[in-house]
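Taking it in order: structure first as structure tokens, then the write-up.
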Amino acid sequence: MQIFIINLDRSPDRLAFMRSQAERLDFEFERVAAVNGLDVPSWLSDEFAGPHALLPGEVGCYASHLVAAKQVVARDFSEAIILEDDAELQPDFMTLVSKAVRAAPAGWDIVHLSTIFKKSIVVVADLGEGHLLVRYTQWPANTAAYILSNKGARKLLTPQRRFMPVDIERRYAWRRQLNIVGMYPAPVVQVGSFADTVRCAARSGKPWLAGPFSLSQGAVWTARKIGVSAYIQGIAWNYVNSTRKYLGWPSRVAIIDRSGIER
């Protein structure tokens, strides 16, 4: 499977980190030169033009992922792995990716590989060795590692004004009709020791919340994807976890399958 790694020209340390993993796990990759701040390609200039709330680094990050998506479409890959250059991969990463693609539901667009799980999830398939392919009761906001289908890439590239950070926009999957699944537990984590050079994580405290109408559309979209019963059960467990967190108690990820709560 084609692998793209997004990397800024000024970050050779990150590229060396990714190259060492590629050698250890025996895979090849192609580097995608990350967009530096507001210096976006001409074909994206109108989409990021005008007043907006994005910082230069957030624009660069978003545009970098669109550049990678364009490669998937232009070269007619059926799917490709997209990695940011601070992604730490598990030893069985390539095996798990292959299993996830084989088990993904028809018409999938994105398989998340680096989700930080806090909300309840619904089982799609058992991948073995303790890993599950899952759907979300709340869509994840992380772009460190994912598998992107050709169809999903085309959806992401649909021209429009870009006014949210890329990770936050992925949380509102229904806006682009994105068919998203993920792997639990995540086979990729972001390394905290690297400086956030591209700034793909949205700023805390920024009011990116969608309006009530959009959120109600999202609730309907999600319920259709995972089933009404699973959605109601998942949202209930999310509230339970929020209460536990408020009281200072440990929370847990509720895993929902056809037989109910698994753990």
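Residue numbers start at 1 in each chain; chains themselves are named A, B, ... in the order of the structure tokens; ligands are numbered from 1 in the order shown.
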Leaving out stretch 25-32 of chain A and any residue of its chain fewer than 3 positions from it, which residues lie within 9 Å of it when counting only C-alpha atoms, given as a PyMOL selection string? chain A and resi 2-8+15+19-22+64+67-68+89-94
Output file for the selection above: N, CA and C atoms, as a compact mmCIF listing (two decimals), in the first residue's frame:
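Output contents, as saved in out-v3.txt:
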```
# COMPACT_ATOMS: atom_id res chain seq x y z
N GLN A 2 0.51 2.22 -0.81
CA GLN A 2 1.26 3.47 -0.87
C GLN A 2 1.23 4.18 0.48
N ILE A 3 2.37 4.69 0.91
CA ILE A 3 2.47 5.43 2.17
C ILE A 3 3.04 6.81 1.87
N PHE A 4 2.34 7.86 2.33
CA PHE A 4 2.81 9.23 2.24
C PHE A 4 3.12 9.74 3.63
N ILE A 5 4.26 10.41 3.77
CA ILE A 5 4.61 11.03 5.05
C ILE A 5 4.75 12.53 4.82
N ILE A 6 3.98 13.30 5.56
CA ILE A 6 3.99 14.76 5.45
C ILE A 6 5.11 15.31 6.32
N ASN A 7 5.99 16.10 5.70
CA ASN A 7 7.18 16.56 6.42
C ASN A 7 7.63 17.92 5.90
N LEU A 8 7.88 18.85 6.81
CA LEU A 8 8.38 20.17 6.44
C LEU A 8 9.86 20.09 6.05
N LEU A 15 11.92 13.62 9.78
CA LEU A 15 12.02 12.71 8.64
C LEU A 15 12.94 11.54 8.98
N ARG A 19 12.02 7.64 8.89
CA ARG A 19 12.81 6.73 8.07
C ARG A 19 13.33 5.55 8.89
N SER A 20 13.69 5.80 10.14
CA SER A 20 14.17 4.71 11.00
C SER A 20 13.06 3.70 11.26
N GLN A 21 11.83 4.18 11.39
CA GLN A 21 10.71 3.26 11.57
C GLN A 21 10.45 2.46 10.30
N ALA A 22 10.55 3.12 9.15
CA ALA A 22 10.34 2.44 7.88
C ALA A 22 11.35 1.31 7.69
N SER A 64 -1.45 20.74 3.64
CA SER A 64 -0.55 19.59 3.46
C SER A 64 -1.34 18.30 3.28
N VAL A 67 -2.78 18.23 -0.19
CA VAL A 67 -1.74 17.89 -1.17
C VAL A 67 -1.57 16.37 -1.23
N ALA A 68 -1.54 15.73 -0.06
CA ALA A 68 -1.44 14.26 -0.03
C ALA A 68 -2.66 13.61 -0.67
N LEU A 89 4.76 4.17 15.20
CA LEU A 89 4.02 3.02 14.73
C LEU A 89 4.32 1.77 15.55
N GLN A 90 3.27 0.99 15.81
CA GLN A 90 3.46 -0.28 16.50
C GLN A 90 4.20 -1.26 15.59
N PRO A 91 4.88 -2.25 16.17
CA PRO A 91 5.62 -3.22 15.35
C PRO A 91 4.77 -3.95 14.33
N ASP A 92 3.51 -4.20 14.63
CA ASP A 92 2.63 -4.92 13.70
C ASP A 92 1.76 -3.96 12.88
N PHE A 93 2.22 -2.74 12.71
CA PHE A 93 1.44 -1.70 12.03
C PHE A 93 0.97 -2.14 10.64
N MET A 94 1.88 -2.64 9.82
CA MET A 94 1.52 -2.98 8.45
C MET A 94 0.51 -4.13 8.38
```
Just the alpha helix (DSSP H) stuff from stretch 65-166 of chain A, please, per backbone DSSP, written as an MDAnalysis selection string. chainID A and resid 65:74 93:103 150:157 166
The selected residues should be written to file as an mmCIF file, in the first residue's frame (atoms: N, CA and C atoms).
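New file out.cif:
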```cif
data_model
loop_
_atom_site.group_PDB
_atom_site.id
_atom_site.type_symbol
_atom_site.label_atom_id
_atom_site.label_comp_id
_atom_site.auth_asym_id
_atom_site.auth_seq_id
_atom_site.Cartn_x
_atom_site.Cartn_y
_atom_site.Cartn_z
ATOM 1 N N HIS A 65 -2.394 18.130 4.058
ATOM 2 C CA HIS A 65 -3.211 16.922 3.929
ATOM 3 C C HIS A 65 -3.969 16.915 2.604
ATOM 4 N N LEU A 66 -4.354 18.087 2.096
ATOM 5 C CA LEU A 66 -5.001 18.146 0.788
ATOM 6 C C LEU A 66 -4.019 17.820 -0.330
ATOM 7 N N VAL A 67 -2.775 18.234 -0.186
ATOM 8 C CA VAL A 67 -1.741 17.888 -1.167
ATOM 9 C C VAL A 67 -1.565 16.372 -1.232
ATOM 10 N N ALA A 68 -1.545 15.727 -0.057
ATOM 11 C CA ALA A 68 -1.435 14.265 -0.027
ATOM 12 C C ALA A 68 -2.656 13.613 -0.669
ATOM 13 N N ALA A 69 -3.841 14.129 -0.364
ATOM 14 C CA ALA A 69 -5.070 13.580 -0.954
ATOM 15 C C ALA A 69 -5.064 13.721 -2.472
ATOM 16 N N LYS A 70 -4.524 14.828 -2.969
ATOM 17 C CA LYS A 70 -4.466 15.032 -4.418
ATOM 18 C C LYS A 70 -3.584 13.988 -5.088
ATOM 19 N N GLN A 71 -2.527 13.568 -4.405
ATOM 20 C CA GLN A 71 -1.668 12.520 -4.949
ATOM 21 C C GLN A 71 -2.426 11.197 -5.080
ATOM 22 N N VAL A 72 -3.278 10.910 -4.095
ATOM 23 C CA VAL A 72 -4.068 9.672 -4.140
ATOM 24 C C VAL A 72 -4.956 9.662 -5.373
ATOM 25 N N VAL A 73 -5.593 10.802 -5.670
ATOM 26 C CA VAL A 73 -6.497 10.889 -6.812
ATOM 27 C C VAL A 73 -5.719 10.922 -8.127
ATOM 28 N N ALA A 74 -4.697 11.778 -8.188
ATOM 29 C CA ALA A 74 -3.966 11.971 -9.443
ATOM 30 C C ALA A 74 -3.299 10.691 -9.919
ATOM 31 N N PHE A 93 2.220 -2.738 12.710
ATOM 32 C CA PHE A 93 1.438 -1.703 12.033
ATOM 33 C C PHE A 93 0.973 -2.142 10.645
ATOM 34 N N MET A 94 1.876 -2.644 9.818
ATOM 35 C CA MET A 94 1.519 -2.978 8.445
ATOM 36 C C MET A 94 0.513 -4.127 8.379
ATOM 37 N N THR A 95 0.668 -5.107 9.258
ATOM 38 C CA THR A 95 -0.283 -6.217 9.304
ATOM 39 C C THR A 95 -1.664 -5.727 9.697
ATOM 40 N N LEU A 96 -1.721 -4.852 10.696
ATOM 41 C CA LEU A 96 -3.005 -4.330 11.156
ATOM 42 C C LEU A 96 -3.678 -3.484 10.080
ATOM 43 N N VAL A 97 -2.901 -2.700 9.362
ATOM 44 C CA VAL A 97 -3.461 -1.887 8.288
ATOM 45 C C VAL A 97 -4.097 -2.770 7.218
ATOM 46 N N SER A 98 -3.410 -3.835 6.829
ATOM 47 C CA SER A 98 -3.958 -4.751 5.828
ATOM 48 C C SER A 98 -5.265 -5.378 6.303
ATOM 49 N N LYS A 99 -5.300 -5.787 7.560
ATOM 50 C CA LYS A 99 -6.517 -6.375 8.112
ATOM 51 C C LYS A 99 -7.659 -5.360 8.122
ATOM 52 N N ALA A 100 -7.346 -4.113 8.476
ATOM 53 C CA ALA A 100 -8.375 -3.075 8.553
ATOM 54 C C ALA A 100 -8.990 -2.814 7.189
ATOM 55 N N VAL A 101 -8.174 -2.762 6.143
ATOM 56 C CA VAL A 101 -8.690 -2.512 4.797
ATOM 57 C C VAL A 101 -9.582 -3.662 4.343
ATOM 58 N N ARG A 102 -9.170 -4.881 4.641
ATOM 59 C CA ARG A 102 -9.983 -6.043 4.243
ATOM 60 C C ARG A 102 -11.320 -6.073 4.978
ATOM 61 N N ALA A 103 -11.339 -5.601 6.224
ATOM 62 C CA ALA A 103 -12.552 -5.679 7.034
ATOM 63 C C ALA A 103 -13.420 -4.429 6.938
ATOM 64 N N ASN A 150 -9.586 6.326 -2.333
ATOM 65 C CA ASN A 150 -9.655 7.240 -3.466
ATOM 66 C C ASN A 150 -10.943 8.059 -3.413
ATOM 67 N N LYS A 151 -12.029 7.391 -3.077
ATOM 68 C CA LYS A 151 -13.313 8.092 -2.980
ATOM 69 C C LYS A 151 -13.281 9.127 -1.861
ATOM 70 N N GLY A 152 -12.677 8.755 -0.731
ATOM 71 C CA GLY A 152 -12.568 9.695 0.370
ATOM 72 C C GLY A 152 -11.710 10.896 0.011
ATOM 73 N N ALA A 153 -10.624 10.653 -0.728
ATOM 74 C CA ALA A 153 -9.754 11.747 -1.156
ATOM 75 C C ALA A 153 -10.521 12.730 -2.029
ATOM 76 N N ARG A 154 -11.356 12.215 -2.917
ATOM 77 C CA ARG A 154 -12.145 13.090 -3.788
ATOM 78 C C ARG A 154 -13.111 13.943 -2.966
ATOM 79 N N LYS A 155 -13.675 13.367 -1.927
ATOM 80 C CA LYS A 155 -14.563 14.148 -1.064
ATOM 81 C C LYS A 155 -13.798 15.270 -0.364
ATOM 82 N N LEU A 156 -12.610 14.942 0.146
ATOM 83 C CA LEU A 156 -11.820 15.955 0.851
ATOM 84 C C LEU A 156 -11.395 17.081 -0.073
ATOM 85 N N LEU A 157 -11.198 16.777 -1.350
ATOM 86 C CA LEU A 157 -10.707 17.768 -2.299
ATOM 87 C C LEU A 157 -11.808 18.612 -2.922
ATOM 88 N N VAL A 166 -7.960 21.169 10.163
ATOM 89 C CA VAL A 166 -8.313 19.915 9.508
ATOM 90 C C VAL A 166 -8.787 18.863 10.502
#
```
Residue neighbourhood A:His112, 7 Å, only C-alpha atoms, exclusion window fewer than 6 positions, as a ChimeraX atom specification: /A:145-147,181-183
Report the residues of stretch 145-176 of chain A whose backbone DSSP state falls under strand (DSSP E), written as an NGL selection string. :A and (145-149)
Write the residues of the preceding selection, restricted to N, CA and C atoms, as a PDB file, in the first residue's frame.
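Contents of part36.pdb, freshly written:
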```
ATOM      1  N   ALA A 145      -2.409   9.814  11.613  1.00  0.00           N
ATOM      2  CA  ALA A 145      -2.271   8.598  10.806  1.00  0.00           C
ATOM      3  C   ALA A 145      -3.660   8.107  10.397  1.00  0.00           C
ATOM      4  N   TYR A 146      -3.833   7.855   9.108  1.00  0.00           N
ATOM      5  CA  TYR A 146      -5.104   7.318   8.632  1.00  0.00           C
ATOM      6  C   TYR A 146      -4.909   6.704   7.255  1.00  0.00           C
ATOM      7  N   ILE A 147      -5.834   5.830   6.885  1.00  0.00           N
ATOM      8  CA  ILE A 147      -5.888   5.274   5.541  1.00  0.00           C
ATOM      9  C   ILE A 147      -6.963   6.042   4.787  1.00  0.00           C
ATOM     10  N   LEU A 148      -6.632   6.519   3.617  1.00  0.00           N
ATOM     11  CA  LEU A 148      -7.558   7.325   2.827  1.00  0.00           C
ATOM     12  C   LEU A 148      -7.872   6.602   1.525  1.00  0.00           C
ATOM     13  N   SER A 149      -9.159   6.380   1.273  1.00  0.00           N
ATOM     14  CA  SER A 149      -9.553   5.749   0.015  1.00  0.00           C
ATOM     15  C   SER A 149      -9.576   6.796  -1.093  1.00  0.00           C
TER      16      SER A 149
END
```
Which residues, written as a ChimeraX atom specification, have at least one atom at most 12 Å from A:Ser216, with only C-alpha atoms counted and residues fewer than 6 positions away on the same chain left out? /A:172,174-175,210,222-223
Would you work out the distance separating atom CA of A:Glu169 from atom CA of A:Ala141, expressed in Å to one decimal?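 Distance reported for this atom pair: 7.7 Å.
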Please list as a PyMOL selection string every residue within 6 Å of A:Ile180, counting only C-alpha atoms and excluding residues in the same chain fewer than 6 positions away. chain A and resi 109-111
Just checking: using only C-alpha atoms, which residue out of A:Ile121, A:Ala49, A:Ile81, A:Val220 ends up closest to A:Ile255? A:Ile121
